[in-house]
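Student: Okay, so here is run.cif, and as you'll see once you scroll down, it has mmCIF, C-alpha atoms.
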```
data_structure
loop_
_atom_site.label_atom_id
_atom_site.label_comp_id
_atom_site.auth_asym_id
_atom_site.auth_seq_id
_atom_site.Cartn_x
_atom_site.Cartn_y
_atom_site.Cartn_z
CA MET A 296 101.86 55.03 107.99
CA ASN A 297 105.59 54.77 108.10
CA ARG A 298 105.93 58.33 109.27
CA ARG A 299 103.44 57.73 112.02
CA ARG A 300 105.36 54.73 113.16
CA ALA A 301 108.60 56.70 113.16
CA GLY A 302 106.85 59.37 115.21
CA ARG A 303 105.75 56.79 117.76
CA ILE A 304 109.22 55.35 118.07
CA LEU A 305 110.64 58.85 118.48
CA THR A 306 108.05 59.57 121.19
CA ALA A 307 108.94 56.38 123.03
CA VAL A 308 112.66 57.17 122.85
CA LEU A 309 112.10 60.70 124.12
CA ILE A 310 109.93 59.49 126.99
CA ALA A 311 112.52 56.89 127.93
CA ALA A 312 115.29 59.50 127.73
CA LEU A 313 113.30 61.68 130.10
CA ALA A 314 112.18 58.87 132.39
CA VAL A 315 115.57 57.31 133.08
CA PRO A 316 117.17 60.43 134.63
CA LEU A 317 113.96 61.16 136.53
CA MET A 318 113.84 57.65 137.96
CA TYR A 319 117.52 57.83 138.81
CA GLY A 320 116.83 61.08 140.63
CA MET A 321 113.80 59.57 142.42
CA VAL A 322 115.91 56.75 143.81
CA GLN A 323 118.39 59.25 145.22
CA LEU A 324 115.70 61.23 147.03
CA PRO A 325 115.34 60.78 150.76
CA ALA A 326 112.33 58.71 151.79
CA PRO A 327 109.10 60.75 152.00
CA GLY A 328 108.53 62.24 155.41
CA HIS A 329 112.04 61.39 156.60
CA ALA A 330 113.02 63.87 159.30
CA ASP A 331 116.67 64.02 158.17
CA ALA A 332 115.84 65.07 154.61
CA PRO A 333 117.56 68.35 153.65
CA ALA A 334 114.19 69.97 153.01
CA HIS A 335 113.27 69.53 156.66
CA THR A 336 116.59 70.42 158.22
CA ASN A 337 117.44 73.74 156.57
CA VAL A 338 114.74 76.03 155.21
CA SER A 339 111.66 74.51 156.85
CA ALA A 340 113.33 74.30 160.22
CA GLY A 341 114.17 77.99 160.01
CA TYR A 342 110.61 78.92 159.09
CA ILE A 343 109.12 76.78 161.85
CA GLU A 344 111.54 78.11 164.43
CA ARG A 345 111.40 81.83 163.72
CA GLY A 346 108.67 82.25 161.06
CA ALA A 347 105.89 83.26 163.43
CA GLU A 348 108.11 85.85 165.08
CA LEU A 349 109.57 87.28 161.87
CA GLY A 350 106.48 86.94 159.70
CA GLY A 351 104.13 88.51 162.16
CA SER A 352 101.30 85.95 162.06
CA GLU A 353 100.70 82.85 164.12
CA ASN A 354 99.60 80.92 161.05
CA LEU A 355 102.92 80.26 159.33
CA VAL A 356 101.29 79.85 155.94
CA THR A 357 99.89 83.36 156.10
CA GLY A 358 103.23 84.68 157.22
CA VAL A 359 104.93 83.07 154.25
CA LEU A 360 102.24 84.22 151.80
CA LEU A 361 101.93 87.82 152.91
CA ASN A 362 105.41 88.59 154.14
CA PHE A 363 108.23 86.29 153.03
CA ARG A 364 106.72 85.58 149.62
CA ALA A 365 104.67 88.75 149.23
CA LEU A 366 105.84 89.40 145.66
CA ASP A 367 104.62 85.95 144.63
CA THR A 368 101.23 86.52 146.25
CA PHE A 369 100.97 89.92 144.60
CA GLY A 370 101.50 88.13 141.29
CA GLU A 371 98.63 85.76 142.07
CA VAL A 372 96.32 88.64 142.93
CA LEU A 373 97.28 90.33 139.68
CA VAL A 374 96.66 87.11 137.75
CA ILE A 375 93.08 86.64 138.91
CA PHE A 376 92.32 90.31 138.28
CA THR A 377 93.79 89.99 134.79
CA ALA A 378 91.75 86.83 134.25
CA TRP A 379 88.58 88.79 134.94
CA LEU A 380 89.72 91.60 132.64
CA ALA A 381 90.31 89.10 129.83
CA VAL A 382 86.99 87.33 130.31
CA ALA A 383 85.13 90.63 130.51
CA ALA A 384 86.87 91.82 127.35
CA VAL A 385 85.74 88.70 125.48
CA ALA A 386 82.39 87.84 127.08
CA GLY A 387 81.36 91.02 128.86
CA THR A 388 80.30 92.78 125.70
CA ALA A 389 78.26 89.81 124.50
CA SER A 390 74.60 90.79 124.54
CA ASN A 391 72.28 89.75 127.31
CA ALA A 392 71.62 86.13 128.15
CA GLU A 393 68.14 84.87 127.42
CA ARG A 394 66.10 84.94 130.61
CA ASP A 395 65.79 81.53 132.24
CA PRO A 396 62.18 80.49 131.62
CA VAL A 397 62.06 78.29 134.71
CA PRO A 398 61.47 80.23 137.94
CA PRO A 399 63.68 79.14 140.84
CA SER A 400 62.20 76.52 143.12
CA PRO A 401 60.68 78.05 146.28
CA VAL A 402 62.58 75.52 148.39
CA VAL A 403 65.95 76.41 146.90
CA ASP A 404 65.07 80.09 147.06
CA TYR A 405 64.22 79.90 150.76
CA VAL A 406 67.28 77.85 151.71
CA ILE A 407 69.72 80.08 149.85
CA ARG A 408 68.21 83.20 151.38
CA LEU A 409 68.41 81.51 154.77
CA LEU A 410 72.05 80.42 154.39
CA GLY A 411 73.34 83.53 152.59
CA PRO A 412 74.08 85.63 155.70
CA PHE A 413 75.73 82.69 157.44
CA ILE A 414 78.00 82.09 154.44
CA ALA A 415 78.90 85.78 154.38
CA ILE A 416 79.76 85.79 158.10
CA PHE A 417 81.83 82.63 157.74
CA ALA A 418 83.65 84.16 154.78
CA LEU A 419 84.48 87.27 156.79
CA PHE A 420 85.59 85.09 159.70
CA VAL A 421 87.93 83.13 157.44
CA ILE A 422 89.36 86.33 155.94
CA VAL A 423 89.91 88.26 159.15
CA ASN A 424 91.31 85.28 161.10
CA GLY A 425 93.72 84.31 158.35
CA HIS A 426 96.76 85.19 160.43
CA VAL A 427 95.73 82.95 163.33
CA LEU A 428 93.70 80.07 161.88
CA PRO A 429 93.90 78.14 158.62
CA GLY A 430 92.39 80.21 155.85
CA GLY A 431 92.86 83.76 154.74
CA GLY A 432 92.09 86.18 151.98
CA PHE A 433 91.95 83.75 149.08
CA GLN A 434 89.78 81.15 150.80
CA GLY A 435 87.40 83.71 152.30
CA GLY A 436 87.21 85.56 148.99
CA VAL A 437 86.18 82.38 147.22
CA LEU A 438 83.46 81.87 149.83
CA LEU A 439 82.23 85.43 149.25
CA GLY A 440 82.19 84.86 145.51
CA ALA A 441 80.33 81.58 145.96
CA MET A 442 77.71 83.37 148.07
CA LEU A 443 77.18 86.00 145.36
CA ILE A 444 76.85 83.27 142.73
CA LEU A 445 74.35 81.35 144.89
CA LEU A 446 72.30 84.50 145.41
CA SER A 447 72.34 85.22 141.70
CA LEU A 448 70.85 81.77 141.09
CA VAL A 449 67.65 82.55 142.97
CA MET A 450 67.47 86.33 142.90
CA ASP A 451 68.04 86.76 139.17
CA ALA A 452 71.62 87.56 138.23
CA GLU A 453 70.69 91.06 137.10
CA THR A 454 69.58 92.09 140.60
CA VAL A 455 72.78 90.85 142.21
CA ALA A 456 75.02 92.33 139.53
CA ARG A 457 73.25 95.67 139.94
CA ALA A 458 73.33 95.66 143.74
CA VAL A 459 76.48 97.70 143.26
CA SER A 460 76.94 100.10 140.37
CA ALA A 461 79.09 98.93 137.46
CA ARG A 462 81.81 101.44 138.32
CA SER A 463 81.93 100.30 141.96
CA TRP A 464 82.18 96.67 140.84
CA ILE A 465 85.35 97.50 138.96
CA TRP A 466 86.84 99.22 142.00
CA LEU A 467 85.81 96.28 144.21
CA ARG A 468 87.49 93.85 141.82
CA ALA A 469 90.64 95.95 141.85
CA THR A 470 90.66 96.09 145.69
CA GLY A 471 93.11 93.22 146.05
CA VAL A 472 95.63 94.67 143.62
CA LEU A 473 95.27 98.21 144.95
CA VAL A 474 95.53 97.33 148.64
CA PHE A 475 98.47 95.05 148.01
CA ALA A 476 100.26 97.67 145.94
CA MET A 477 99.61 100.28 148.62
CA VAL A 478 100.98 98.07 151.41
CA ALA A 479 103.97 97.19 149.22
CA VAL A 480 104.82 100.85 148.71
CA MET A 481 104.24 101.60 152.40
CA GLY A 482 106.91 99.01 153.09
CA LEU A 483 109.53 101.44 151.73
CA PRO A 484 109.25 104.01 154.53
CA LEU A 485 108.05 101.56 157.23
CA ALA A 486 110.38 98.58 156.74
CA GLY A 487 112.96 99.93 154.32
CA TYR A 488 112.12 97.75 151.33
CA LEU A 489 109.19 97.05 148.98
CA PHE A 490 106.64 94.50 150.23
CA GLY A 491 108.13 94.75 153.70
CA LEU A 492 105.89 94.76 156.74
CA PRO A 493 106.92 96.99 159.66
CA ASP A 494 108.48 95.44 162.75
CA GLU A 495 106.07 97.16 165.13
CA PRO A 496 103.65 94.29 166.04
CA GLY A 497 100.41 96.31 166.20
CA LEU A 498 100.96 98.05 162.88
CA ARG A 499 102.05 94.81 161.27
CA GLN A 500 98.86 93.14 162.49
CA VAL A 501 96.73 95.92 161.05
CA LEU A 502 98.50 95.74 157.69
CA THR A 503 98.22 91.95 157.58
CA VAL A 504 94.46 92.08 158.18
CA ALA A 505 94.14 94.88 155.62
CA LEU A 506 95.96 92.74 153.07
CA GLU A 507 93.70 89.76 153.82
CA LEU A 508 90.58 91.91 153.54
CA GLY A 509 91.75 93.42 150.26
CA ILE A 510 92.59 90.03 148.77
CA GLY A 511 89.31 88.56 150.05
CA ILE A 512 86.98 91.29 148.82
CA GLY A 513 88.85 91.64 145.55
CA GLY A 514 88.95 87.88 145.00
CA GLY A 515 85.26 87.44 145.79
CA ALA A 516 84.24 90.27 143.48
CA VAL A 517 86.48 88.93 140.69
CA LEU A 518 85.05 85.40 140.94
CA ALA A 519 81.47 86.66 141.00
CA GLY A 520 82.40 88.94 138.10
CA LEU A 521 83.72 85.98 136.12
CA PHE A 522 80.42 84.19 136.69
CA PHE A 523 78.32 87.24 135.75
CA ALA A 524 80.42 87.92 132.66
CA ILE A 525 80.14 84.35 131.39
CA ALA A 526 76.46 84.06 132.30
CA GLY A 527 75.90 87.31 130.43
CA ALA A 528 74.53 89.48 133.21
CA ASP A 529 77.40 91.93 133.31
CA ARG A 530 76.94 94.95 131.08
CA SER A 531 79.77 97.06 132.46
CA MET B 202 123.43 51.90 146.48
CA THR B 203 120.31 49.80 145.94
CA GLY B 204 120.75 48.15 149.30
CA SER B 205 120.64 51.46 151.11
CA VAL B 206 117.54 52.48 149.16
CA THR B 207 115.59 49.38 150.09
CA ALA B 208 116.70 49.77 153.68
CA LYS B 209 115.50 53.38 153.56
CA TYR B 210 112.08 52.34 152.32
CA ARG B 211 111.85 49.42 154.69
CA GLU B 212 111.99 51.75 157.65
CA MET B 213 108.87 53.56 156.43
CA ARG B 214 106.05 51.92 158.30
CA VAL B 215 102.95 51.11 156.26
CA ASN B 216 100.30 51.80 158.86
CA ALA B 217 96.58 52.60 158.70
CA THR B 218 97.31 56.26 158.01
CA ASP B 219 99.38 55.46 154.95
CA LEU B 220 96.76 52.97 153.81
CA PHE B 221 94.11 55.71 153.96
CA ASP B 222 96.34 57.91 151.81
CA LEU B 223 96.92 55.09 149.36
CA VAL B 224 93.18 54.52 148.97
CA LEU B 225 92.66 58.25 148.37
CA LEU B 226 95.47 58.33 145.82
CA ALA B 227 93.98 55.34 143.99
CA LEU B 228 90.65 57.20 143.86
CA LEU B 229 92.46 60.29 142.54
CA LEU B 230 94.04 58.24 139.78
CA THR B 231 90.66 56.76 138.84
CA CYS B 232 89.12 60.21 138.65
CA ALA B 233 91.99 61.53 136.55
CA ILE B 234 91.74 58.69 134.05
CA GLY B 235 87.97 59.18 133.90
CA ILE B 236 88.36 62.89 133.19
CA ALA B 237 90.84 62.18 130.41
CA ARG B 238 88.64 59.56 128.76
CA LEU B 239 85.10 60.93 129.06
CA LYS B 240 83.58 62.78 126.11
CA ASP B 241 80.76 64.40 128.08
CA LEU B 242 82.17 67.73 129.30
CA ALA B 243 79.56 68.18 132.03
CA ALA B 244 80.44 64.77 133.46
CA CYS B 245 84.12 65.77 133.27
CA ALA B 246 83.40 68.91 135.29
CA ILE B 247 81.59 66.93 137.98
CA LEU B 248 84.35 64.33 138.06
CA PHE B 249 86.91 67.11 138.37
CA SER B 250 84.97 68.40 141.36
CA ALA B 251 85.13 64.94 142.93
CA TYR B 252 88.87 64.86 142.18
CA SER B 253 89.33 68.15 144.02
CA PHE B 254 87.39 66.91 147.04
CA ILE B 255 89.54 63.79 147.27
CA LEU B 256 92.68 65.89 146.92
CA CYS B 257 91.30 68.16 149.65
CA LEU B 258 91.04 65.11 151.91
CA VAL B 259 94.65 64.20 151.12
CA TRP B 260 95.84 67.69 152.06
CA ALA B 261 93.78 67.79 155.24
CA HIS B 262 95.01 64.34 156.19
CA ARG B 263 98.62 65.30 155.53
CA GLY B 264 98.32 68.26 157.89
CA ALA B 265 97.91 71.14 155.43
CA PRO B 266 94.54 72.68 156.36
CA ASP B 267 95.25 75.91 154.46
CA VAL B 268 95.78 74.10 151.18
CA ALA B 269 92.83 71.81 151.91
CA MET B 270 90.53 74.79 152.36
CA THR B 271 91.75 76.36 149.15
CA GLU B 272 91.33 73.10 147.27
CA ALA B 273 87.77 72.64 148.54
CA ALA B 274 86.70 76.22 147.89
CA VAL B 275 88.49 76.84 144.61
CA GLY B 276 88.89 73.42 143.06
CA ALA B 277 85.67 71.76 144.06
CA GLY B 278 83.48 74.84 144.34
CA ILE B 279 84.12 77.82 142.12
CA THR B 280 86.01 76.08 139.32
CA THR B 281 83.20 73.58 138.86
CA VAL B 282 80.62 76.36 138.75
CA LEU B 283 82.63 78.29 136.17
CA PHE B 284 83.20 75.13 134.10
CA LEU B 285 79.47 74.38 134.14
CA VAL B 286 78.54 77.92 133.13
CA VAL B 287 80.95 77.78 130.21
CA ILE B 288 79.69 74.32 129.22
CA SER B 289 76.11 75.59 129.31
CA ARG B 290 77.25 78.20 126.79
CA VAL B 291 79.31 76.07 124.42
CA GLY B 292 77.56 72.66 124.53
CA ARG B 293 78.43 69.62 126.58
CA ARG B 294 79.84 67.29 123.93
CA GLU B 295 83.53 67.23 123.12
CA LYS B 296 84.01 68.02 119.44
CA MET C 229 80.98 51.68 182.79
CA ILE C 230 79.96 55.11 181.56
CA ASP C 231 82.96 55.09 179.27
CA ALA C 232 81.96 51.76 177.79
CA ALA C 233 78.38 52.91 177.18
CA HIS C 234 79.72 56.11 175.63
CA ALA C 235 82.01 54.23 173.27
CA LEU C 236 79.26 51.76 172.42
CA LEU C 237 76.83 54.57 171.54
CA VAL C 238 79.43 56.24 169.33
CA CYS C 239 80.20 52.95 167.59
CA PHE C 240 76.51 52.28 167.04
CA LEU C 241 75.92 55.73 165.50
CA VAL C 242 78.96 55.59 163.22
CA ILE C 243 78.18 52.07 162.04
CA ALA C 244 74.53 53.00 161.46
CA GLY C 245 75.70 55.97 159.39
CA ALA C 246 78.06 53.76 157.40
CA ALA C 247 75.18 51.32 156.81
CA PHE C 248 73.09 54.15 155.38
CA PHE C 249 75.98 55.04 153.08
CA PHE C 250 76.20 51.43 151.97
CA ILE C 251 72.49 51.24 151.23
CA GLY C 252 72.56 54.59 149.42
CA THR C 253 75.47 53.53 147.23
CA LEU C 254 73.79 50.21 146.52
CA GLY C 255 70.72 52.16 145.40
CA LEU C 256 72.83 54.43 143.23
CA LEU C 257 74.26 51.41 141.46
CA ARG C 258 71.13 49.28 141.22
CA PHE C 259 68.17 51.61 140.66
CA PRO C 260 66.97 52.04 137.08
CA ASP C 261 66.75 55.80 136.52
CA PHE C 262 67.81 59.23 137.72
CA TYR C 263 64.89 59.88 140.08
CA THR C 264 65.12 56.60 141.96
CA ARG C 265 68.89 56.92 142.19
CA ILE C 266 68.77 60.43 143.60
CA HIS C 267 66.10 59.23 146.02
CA ALA C 268 68.58 56.68 147.35
CA VAL C 269 71.59 58.99 147.42
CA THR C 270 69.99 61.88 149.30
CA LYS C 271 69.14 59.53 152.16
CA CYS C 272 72.76 58.50 152.32
CA ASP C 273 73.92 62.12 152.45
CA ALA C 274 71.50 63.39 155.06
CA LEU C 275 71.17 60.37 157.33
CA GLY C 276 74.46 58.58 156.75
CA ALA C 277 76.72 61.59 157.13
CA GLY C 278 74.40 63.01 159.81
CA LEU C 279 74.66 59.88 161.96
CA VAL C 280 78.43 59.60 161.53
CA LEU C 281 78.84 63.24 162.51
CA LEU C 282 76.49 62.83 165.46
CA GLY C 283 78.63 59.93 166.64
CA LEU C 284 81.76 62.07 166.33
CA ALA C 285 80.10 64.95 168.18
CA ILE C 286 79.16 62.64 171.06
CA TRP C 287 82.67 61.21 171.04
CA ARG C 288 84.16 64.71 171.40
CA GLY C 289 81.72 65.65 174.15
CA PRO C 290 80.43 69.17 174.75
CA ASP C 291 83.63 71.08 173.91
CA GLY C 292 84.14 73.56 171.10
CA GLU C 293 84.65 70.95 168.44
CA GLY C 294 81.58 68.93 169.43
CA VAL C 295 79.39 72.00 169.13
CA ARG C 296 80.95 72.83 165.77
CA ILE C 297 80.16 69.32 164.53
CA LEU C 298 76.53 69.82 165.65
CA ALA C 299 76.40 73.03 163.61
CA LEU C 300 77.77 71.05 160.69
CA ILE C 301 74.92 68.53 161.08
CA ALA C 302 72.38 71.37 160.99
CA LEU C 303 73.98 72.71 157.81
CA LEU C 304 73.99 69.24 156.28
CA LEU C 305 70.33 68.64 157.11
CA ILE C 306 69.42 71.92 155.41
CA SER C 307 71.65 71.80 152.36
CA SER C 308 71.66 68.14 151.34
CA PRO C 309 67.89 67.67 150.80
CA THR C 310 67.82 71.03 149.02
CA ALA C 311 70.51 69.91 146.63
CA GLY C 312 68.62 66.68 145.96
CA HIS C 313 65.43 68.62 145.37
CA ALA C 314 67.15 71.05 143.00
CA LEU C 315 68.71 68.22 140.99
CA ALA C 316 65.46 66.29 140.68
CA ARG C 317 63.55 69.44 139.75
CA ALA C 318 66.10 70.39 137.11
CA ALA C 319 65.90 66.91 135.61
CA PHE C 320 62.08 67.04 135.58
CA ARG C 321 62.04 70.53 134.05
CA THR C 322 64.35 69.51 131.25
CA GLY C 323 61.98 66.70 130.32
CA LEU C 324 63.53 63.59 131.80
CA LYS C 325 60.69 61.10 132.13
CA PRO C 326 60.51 58.97 135.27
CA TRP C 327 61.08 55.26 134.85
CA THR C 328 58.00 53.10 134.73
CA ARG C 329 57.63 49.35 134.89
CA ASN C 330 56.97 49.29 131.13
CA ASP C 331 60.47 50.58 130.45
CA GLY C 332 61.88 47.24 131.52
CA GLU C 333 65.62 47.36 131.83
CA ARG C 334 65.98 50.59 129.86
CA ASP C 335 67.71 53.49 131.61
CA GLY C 336 66.39 57.05 131.64
CA GLU C 337 67.20 59.07 128.56
CA ILE C 338 69.67 61.95 128.43
CA PRO C 339 68.21 65.12 130.00
CA GLY C 340 67.07 67.70 127.48
CA ASP C 341 66.56 65.22 124.66
CA ALA C 342 63.67 66.95 122.92
CA SER C 343 62.70 64.04 120.69
CA GLU C 344 61.69 61.98 123.71
CA ARG C 345 59.34 64.60 125.12
CA ASP C 346 55.56 64.24 125.07
#
```
Let me see the structure of the file written as C-alpha cells.
Tutor:
Amino acid sequence: MNRRRAGRILTAVLIAALAVPLMYGMVQLPAPGHADAPAHTNVSAGYIERGAELGGSENLVTGVLLNFRALDTFGEVLVIFTAWLAVAAVAGTASNAERDPVPPSPVVDYVIRLLGPFIAIFALFVIVNGHVLPGGGFQGGVLLGAMLILLSLVMDAETVARAVSARSWIWLRATGVLVFAMVAVMGLPLAGYLFGLPDEPGLRQVLTVALELGIGIGGGAVLAGLFFAIAGADRS
Amino acid sequence: MTGSVTAKYREMRVNATDLFDLVLLALLLTCAIGIARLKDLAACAILFSAYSFILCLVWAHRGAPDVAMTEAAVGAGITTVLFLVVISRVGRREK
Amino acid sequence: MIDAAHALLVCFLVIAGAAFFFIGTLGLLRFPDFYTRIHAVTKCDALGAGLVLLGLAIWRGPDGEGVRILALIALLLISSPTAGHALARAAFRTGLKPWTRNDGERDGEIPGDASERD
C-alpha cells in the first residue's frame, strides 16, 4: 500500500519534471502555420523552390521519398518485408485453417468480382503516377494488397494464394527490396553516390517509375502475404 | 515574454477552417480514449479504423493528400483487416 | 437567374443528403437491435452521401472533377449496400436473432453466443 503510494508520487513527480520543460518549450515555439517560423524559411523553402528540379518529380513528396530521403524509404521497404518474414516464420508453418463453413454470399461475390479489375487499375494508376499526382508506390501497393485480400474473401484464399507459385510469391514480395537495392547500386556509376538518381531527366523518370512499381508490387504482395499467413492459407 | 506569446496567438484567426479542424481533433480524442478503455478487441479495431479515417480527413484538410491517402489505405484499410484476422484467431476479449 | 437556380439546386441536394444522414444516425441510436440499426445506417450511406456528392458534382459542373465525383457515386451505390448486406448476413449466420416485439426493451445478444441459439 505504502509502496504503491510512493510509486504514484514518484510517477507524478517524473511527469511534472517532464511536462514543465516541454510546456516551456511549447510556449517558445512560433505559432502554428506562421510563415516566419524557421521551419518554413530555411529547409522547406529550399525544397519548395528547387525540390521539383533537383528531385526529378513534380510531386515534391515523391521526390523527397525516393531521392532526397531514399535511404530512409529503403529502410521502410526493408521493414515491411522483414515483417512478413517474421509473421511467416511464426504463423506460416501453422497447419491449415479450418475451411469456412459458410459459402460467400452471391451478392458479395458478384460485387467483388465486378470491382476487382477497377481496383487493380486504380492501384496501378496510383503507383505509376506517383511522381506527378499524390500517391505512389506505398499507397498503390496497399490498394493492390487490399484487392488480393478482397478476392481471397470470395474466391477461397487457397485459390488466390496459389494463383502464383509459392516460390514466385517470395520473389514478388522481395521485389521492393530488390528493385530499390538495384537502383541504389546503379546510383554509383550514374550519379556518383549510392541511392543517387542520374541527372539525365528521361533516365531519372524511368528509374523513379521503376522504384514506384517495385515498392508497389512488393508492398502489395507483402500485405496480401501477411493476410494469407495469418489466415492460414500460406503453405510456402 | 508572456505578452508576446499572447499577441502571437491573438493574430491567429479562428475561422471556419480552424473550427472544422478542432471538431475533427475532438473526434480523434474521443476515439483514442474509447480505444484505450474498451475491452472488446474487435470494437477497438473498428474504432481504430474510424480514428484513421478522421485523421485522414485532417491530413487532407491540411493540404497533405499524400499522407491522407496513406492514412486511408494503410490505417483505415489494411491495418483493420489484419487486426480483425488476428482477433479472429486469438479471441476478441482482452485478457 | 440560372446561377441562382443552380445554387438553389445544389443547396437542396446537399441539405437533403444531410437530412438522410441525420435520420440514419437517429435510427442508429434509437433502433432496438443490429438488423434495424443497419437498415437505418445503409440508407444514410447510400442516399445521404450519394445526394451530397450529386450536389457537389452539379456544383462543379461537367469538368474533370464533376465526372470523377459521379464515378464516386456509382462506386458508393455499388459498395455501400453490399457492405450492409454482408454485415447483416454475417450477423444472421452467426446466430444473432432479430428483435421481436416480445423482447421489449432488450437489445440483441452478442453475435456468436451459442447458448442463445435455437
Student: Distance limit 7 Å, atoms considered: all atoms listed in the file. Which chain B residues sit that close to chain A? Return them as a PDB file with C-alpha atoms, in the frame of the given file.
Tutor:
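Contents of result.pdb, freshly written:
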```
ATOM      1  CA  LYS B 209     115.500  53.380 153.560  1.00  0.00           C
ATOM      2  CA  TYR B 210     112.080  52.340 152.320  1.00  0.00           C
ATOM      3  CA  PRO B 266      94.540  72.680 156.360  1.00  0.00           C
ATOM      4  CA  ASP B 267      95.250  75.910 154.460  1.00  0.00           C
ATOM      5  CA  MET B 270      90.530  74.790 152.360  1.00  0.00           C
ATOM      6  CA  THR B 271      91.750  76.360 149.150  1.00  0.00           C
ATOM      7  CA  ALA B 274      86.700  76.220 147.890  1.00  0.00           C
ATOM      8  CA  VAL B 275      88.490  76.840 144.610  1.00  0.00           C
ATOM      9  CA  ILE B 279      84.120  77.820 142.120  1.00  0.00           C
ATOM     10  CA  LEU B 283      82.630  78.290 136.170  1.00  0.00           C
ATOM     11  CA  VAL B 286      78.540  77.920 133.130  1.00  0.00           C
ATOM     12  CA  VAL B 287      80.950  77.780 130.210  1.00  0.00           C
TER      13      VAL B 287
END
```
Student: Quick one: apply the PyMOL selection byres ((chain C) within 8 of (chain A)) to the file and drop the selected residues here as a compact mmCIF listing (two decimals) with C-alpha atoms, in the frame of the given file.
Tutor:
```txt
# COMPACT_ATOMS: atom_id res chain seq x y z
CA ILE C 306 69.42 71.92 155.41
CA SER C 307 71.65 71.80 152.36
CA THR C 310 67.82 71.03 149.02
CA ALA C 311 70.51 69.91 146.63
CA HIS C 313 65.43 68.62 145.37
CA ALA C 314 67.15 71.05 143.00
CA ARG C 317 63.55 69.44 139.75
CA ARG C 321 62.04 70.53 134.05
```
Student: For the PyMOL selection byres ((chain B and resi 234-247) around 8), applied here, can you spell out every residue it catches as a list in words?
Tutor: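 That selection, the PyMOL selection byres ((chain B and resi 234-247) around 8), comes back as Leu230, Thr231, Cys232, Ala233, Leu248, Phe249, Ser250, Ala251, Thr281, Phe284, Leu285, Ile288, Arg293, Arg294 and Glu295 of chain B.
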Student: Rounded to one decimal in Å, what is the spacing between atom CA of Leu303 of chain C and atom CA of Ile266 of chain C?
Tutor: 19.5 Å
Student: Hey, what comes out of the PyMOL selection byres ((chain A and resi 480-497) around 9) on this file? Could you write it as a ChimeraX atom specification?
Tutor: /A:349-351,361-366,475-479,498-503
Student: Could you list, as a ChimeraX atom specification, every residue within 12 Å of Trp466 of chain A, counting all atoms listed in the file and ignoring same-chain residues fewer than 3 positions away?
Tutor: /A:376,459-463,469-474,509,512-514,516-517,520
Student: Identify, on the basis of only C-alpha atoms, every residue whose closest approach to Val455 of chain A does not exceed 9 Å; exclude the query and any residue fewer than 6 positions from it along the same chain; express the result as JSON, numbers by chain.
Tutor: {"A": [443, 444, 446, 447]}
Student: What lies within 8 Å of segment 237-252 of chain C using only C-alpha atoms, ignoring chain neighbours under 2 positions off, as a list in words?
Tutor: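 Here the qualifying residues turn out to be Ala233, His234, Ala235, Leu254, Gly255, Leu256, Ala268, Val269, Thr270, Lys271, Cys272, Asp273, Leu275, Gly276, Ala277, Gly278, Leu279, Val280, Leu281, Leu282, Gly283, Leu284, Ile286 and Trp287 of chain C.
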Student: If I take atom CA of Leu373 of chain A and atom CA of Leu508 of chain A, how far is one from the other in Å, to one decimal?
Tutor: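 Going from atom CA of Leu373 of chain A over to atom CA of Leu508 of chain A, I get 15.5 Å.
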Student: Distance atom CA of Trp327 of chain C-atom CA of Ser308 of chain C, one decimal place?
Tutor: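 Value for the atom CA of Trp327 of chain C-atom CA of Ser308 of chain C distance: 23.4 Å.
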